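Note sheet for the following structure.
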Amino acid sequence: MRWTYPIAALGLALAIVIGVVAAKPRPVTVTVTMVDYRFVPDHLTFTHDVRYRLHLENHGKETHEFTAPAFFATADIGNPDVLSSDRSEVLMQPDDKKDVFLTPLKPGTYDLRCADHDWFGMVGGITVK
Ligand SMILES: [Cu+2]
């Protein structure tokens with residue numbers, strides 16, 4: 001009898017912990033492949049206040065950058081270490097695969113380019129709705 005209350009309390013605490021963990025939604029994956037010399041796809045659309053896993057793969061023979069300083073500046077970045085120190089871009093060596101976990105916060109249109117090859121037409125755009 002005297003053990004009923006602590007066990008019930010423990011069960012309730014466990015249920016709350018499990019509920020909180022389960023309630024956190026999985027991020028939506030958006031994949032961008034880099035080739036010599038373009039982004040595939042070159043236009044990305046996000047919804048603000050939604051968590052994303054921006055998955056980048058460099059399939060080219062050259063080093064490319066996912067350069068989008070204004071976009072990154074208006075997003076909550078879960079793993080900022082994956083960005084350059086000025087938070088403007090993700091550096092991608094050939095065969096690199098990297099994830100940026102982010103939540104866009106501000107609707108608008110944002111520039112996307114490869115800082116090395118924008119002169120070669122390696123540009124795109126990002127829309128946050
Ligand atoms: Cu490039």
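By order in the structure tokens, chains are A, B, ...; within a chain, residues start at 1; ligands start at 1, following the order shown.
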Practice problem: Show me which residues sit within 9 Å of ligand 1 when counting only C-alpha atoms and all ligand atoms, and put them as a PyMOL selection string. | Solution: chain A and resi 34-39+60+62-66+92+113-118+120+122
Emit the selected residues as a compact mmCIF listing (two decimals), in the first residue's frame, including C-alpha atoms.
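Once written, result_38.txt looks like this:
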# COMPACT_ATOMS: atom_id res chain seq x y z
CA MET A 34 26.40 20.14 -56.11
CA VAL A 35 27.90 19.23 -59.48
CA ASP A 36 30.36 21.08 -61.74
CA TYR A 37 28.90 23.79 -61.93
CA ARG A 38 25.40 24.02 -60.55
CA PHE A 39 23.10 23.27 -57.64
CA GLY A 60 31.60 17.40 -58.50
CA GLU A 62 35.79 20.71 -57.72
CA THR A 63 35.39 22.26 -54.29
CA HIS A 64 32.07 24.10 -54.05
CA GLU A 65 30.42 26.37 -51.52
CA PHE A 66 26.80 26.68 -50.49
CA MET A 92 32.16 21.30 -49.64
CA ARG A 113 25.52 31.01 -54.95
CA CYS A 114 28.79 29.16 -54.99
CA ALA A 115 31.34 31.80 -54.01
CA ASP A 116 33.92 30.16 -56.30
CA HIS A 117 31.79 29.66 -59.38
CA ASP A 118 29.02 32.27 -59.39
CA PHE A 120 30.24 30.51 -64.11
CA MET A 122 26.54 28.45 -60.27
So which residues touch Gly108 of chain A within 10 Å, counting only C-alpha atoms, skipping near sequence neighbours fewer than 5 positions away, as JSON, numbers by chain?
{"A": [46, 48, 71, 74, 126, 127, 128, 129]}
*Identify, with DSSP run on backbone atoms, the residues in chain A assigned to alpha helix (DSSP H), and express the list as a PyMOL selection string.*
chain A and resi 4-23+69-73
Residues from the last selection, C-alpha atoms, saved as a compact mmCIF listing (two decimals), in the first residue's frame:
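Saved file selection-v8.txt follows:
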# COMPACT_ATOMS: atom_id res chain seq x y z
CA THR A 4 1.62 2.61 -4.54
CA TYR A 5 2.08 6.37 -4.52
CA PRO A 6 5.83 6.53 -5.34
CA ILE A 7 5.44 4.00 -8.14
CA ALA A 8 2.49 5.91 -9.61
CA ALA A 9 4.47 9.17 -9.38
CA LEU A 10 7.45 7.57 -11.10
CA GLY A 11 5.20 6.21 -13.84
CA LEU A 12 3.67 9.65 -14.38
CA ALA A 13 7.11 11.31 -14.55
CA LEU A 14 8.27 8.70 -17.08
CA ALA A 15 5.15 9.24 -19.20
CA ILE A 16 5.80 13.01 -19.23
CA VAL A 17 9.45 12.53 -20.28
CA ILE A 18 8.47 10.12 -23.07
CA GLY A 19 5.72 12.49 -24.21
CA VAL A 20 8.09 15.47 -24.42
CA VAL A 21 10.70 13.49 -26.39
CA ALA A 22 8.10 12.06 -28.76
CA ALA A 23 6.50 15.47 -29.32
CA PRO A 69 24.80 34.58 -45.83
CA ALA A 70 21.45 36.41 -45.60
CA PHE A 71 19.53 33.12 -45.38
CA PHE A 72 21.78 31.71 -42.64
CA ALA A 73 21.65 35.04 -40.74
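Computed from the coordinates, the atom CA of Arg26 of chain A to atom CA of Val90 of chain A distance equals 22.4 Å.
If you count only C-alpha atoms and ignore residues fewer than 5 places along the chain from Asn79 of chain A, what sits within 10 Å of it is Asp99, Val100, Phe101 and Leu102 of chain A.
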Residues within 12 Å of Thr31 of chain A, please, as a list in words. Count only C-alpha atoms; anything in the same chain fewer than 5 positions from it doesn't count.
Phe39, Val40, Pro41, Asp42, His43, Leu44, Thr45, Tyr52, Arg53, Leu54, His55, Leu56, Glu57, Asn58, Lys97, Lys98, Asp99, Val100 and Phe101 of chain A
Would you save the residues from that selection as a PDB file, in the first residue's frame, using N, CA and C atoms?
ATOM      1  N   PHE A  39      23.823  23.886 -58.749  1.00  0.00           N
ATOM      2  CA  PHE A  39      23.104  23.271 -57.637  1.00  0.00           C
ATOM      3  C   PHE A  39      21.915  22.507 -58.215  1.00  0.00           C
ATOM      4  N   VAL A  40      21.666  21.298 -57.698  1.00  0.00           N
ATOM      5  CA  VAL A  40      20.505  20.514 -58.116  1.00  0.00           C
ATOM      6  C   VAL A  40      19.704  20.138 -56.869  1.00  0.00           C
ATOM      7  N   PRO A  41      18.506  20.719 -56.657  1.00  0.00           N
ATOM      8  CA  PRO A  41      17.896  21.782 -57.462  1.00  0.00           C
ATOM      9  C   PRO A  41      18.555  23.132 -57.148  1.00  0.00           C
ATOM     10  N   ASP A  42      18.299  24.131 -57.995  1.00  0.00           N
ATOM     11  CA  ASP A  42      18.936  25.438 -57.765  1.00  0.00           C
ATOM     12  C   ASP A  42      18.019  26.428 -57.043  1.00  0.00           C
ATOM     13  N   HIS A  43      16.736  26.055 -56.884  1.00  0.00           N
ATOM     14  CA  HIS A  43      15.829  26.888 -56.094  1.00  0.00           C
ATOM     15  C   HIS A  43      15.200  26.045 -54.983  1.00  0.00           C
ATOM     16  N   LEU A  44      15.283  26.573 -53.776  1.00  0.00           N
ATOM     17  CA  LEU A  44      14.798  25.856 -52.601  1.00  0.00           C
ATOM     18  C   LEU A  44      13.672  26.655 -51.955  1.00  0.00           C
ATOM     19  N   THR A  45      12.678  25.957 -51.450  1.00  0.00           N
ATOM     20  CA  THR A  45      11.583  26.617 -50.744  1.00  0.00           C
ATOM     21  C   THR A  45      11.447  26.023 -49.352  1.00  0.00           C
ATOM     22  N   TYR A  52      14.417  21.975 -40.336  1.00  0.00           N
ATOM     23  CA  TYR A  52      14.892  21.274 -41.528  1.00  0.00           C
ATOM     24  C   TYR A  52      16.268  20.663 -41.299  1.00  0.00           C
ATOM     25  N   ARG A  53      16.506  19.593 -42.040  1.00  0.00           N
ATOM     26  CA  ARG A  53      17.846  19.044 -42.212  1.00  0.00           C
ATOM     27  C   ARG A  53      18.204  19.343 -43.661  1.00  0.00           C
ATOM     28  N   LEU A  54      19.059  20.353 -43.867  1.00  0.00           N
ATOM     29  CA  LEU A  54      19.529  20.691 -45.211  1.00  0.00           C
ATOM     30  C   LEU A  54      20.714  19.786 -45.503  1.00  0.00           C
ATOM     31  N   HIS A  55      20.485  18.793 -46.365  1.00  0.00           N
ATOM     32  CA  HIS A  55      21.510  17.789 -46.650  1.00  0.00           C
ATOM     33  C   HIS A  55      22.231  18.155 -47.946  1.00  0.00           C
ATOM     34  N   LEU A  56      23.537  18.351 -47.861  1.00  0.00           N
ATOM     35  CA  LEU A  56      24.338  18.774 -49.007  1.00  0.00           C
ATOM     36  C   LEU A  56      25.291  17.654 -49.409  1.00  0.00           C
ATOM     37  N   GLU A  57      25.395  17.432 -50.720  1.00  0.00           N
ATOM     38  CA  GLU A  57      26.360  16.453 -51.245  1.00  0.00           C
ATOM     39  C   GLU A  57      27.086  17.088 -52.416  1.00  0.00           C
ATOM     40  N   ASN A  58      28.404  16.988 -52.409  1.00  0.00           N
ATOM     41  CA  ASN A  58      29.191  17.481 -53.545  1.00  0.00           C
ATOM     42  C   ASN A  58      29.584  16.301 -54.434  1.00  0.00           C
ATOM     43  N   LYS A  97      29.665  15.126 -47.732  1.00  0.00           N
ATOM     44  CA  LYS A  97      28.234  15.126 -47.414  1.00  0.00           C
ATOM     45  C   LYS A  97      28.102  15.806 -46.059  1.00  0.00           C
ATOM     46  N   LYS A  98      27.295  16.848 -45.996  1.00  0.00           N
ATOM     47  CA  LYS A  98      27.129  17.574 -44.732  1.00  0.00           C
ATOM     48  C   LYS A  98      25.663  17.916 -44.513  1.00  0.00           C
ATOM     49  N   ASP A  99      25.278  18.005 -43.238  1.00  0.00           N
ATOM     50  CA  ASP A  99      23.921  18.396 -42.859  1.00  0.00           C
ATOM     51  C   ASP A  99      23.967  19.720 -42.102  1.00  0.00           C
ATOM     52  N   VAL A 100      23.052  20.605 -42.442  1.00  0.00           N
ATOM     53  CA  VAL A 100      22.829  21.815 -41.646  1.00  0.00           C
ATOM     54  C   VAL A 100      21.429  21.684 -41.055  1.00  0.00           C
ATOM     55  N   PHE A 101      21.352  21.678 -39.736  1.00  0.00           N
ATOM     56  CA  PHE A 101      20.051  21.629 -39.077  1.00  0.00           C
ATOM     57  C   PHE A 101      19.634  23.071 -38.791  1.00  0.00           C
TER      58      PHE A 101
END
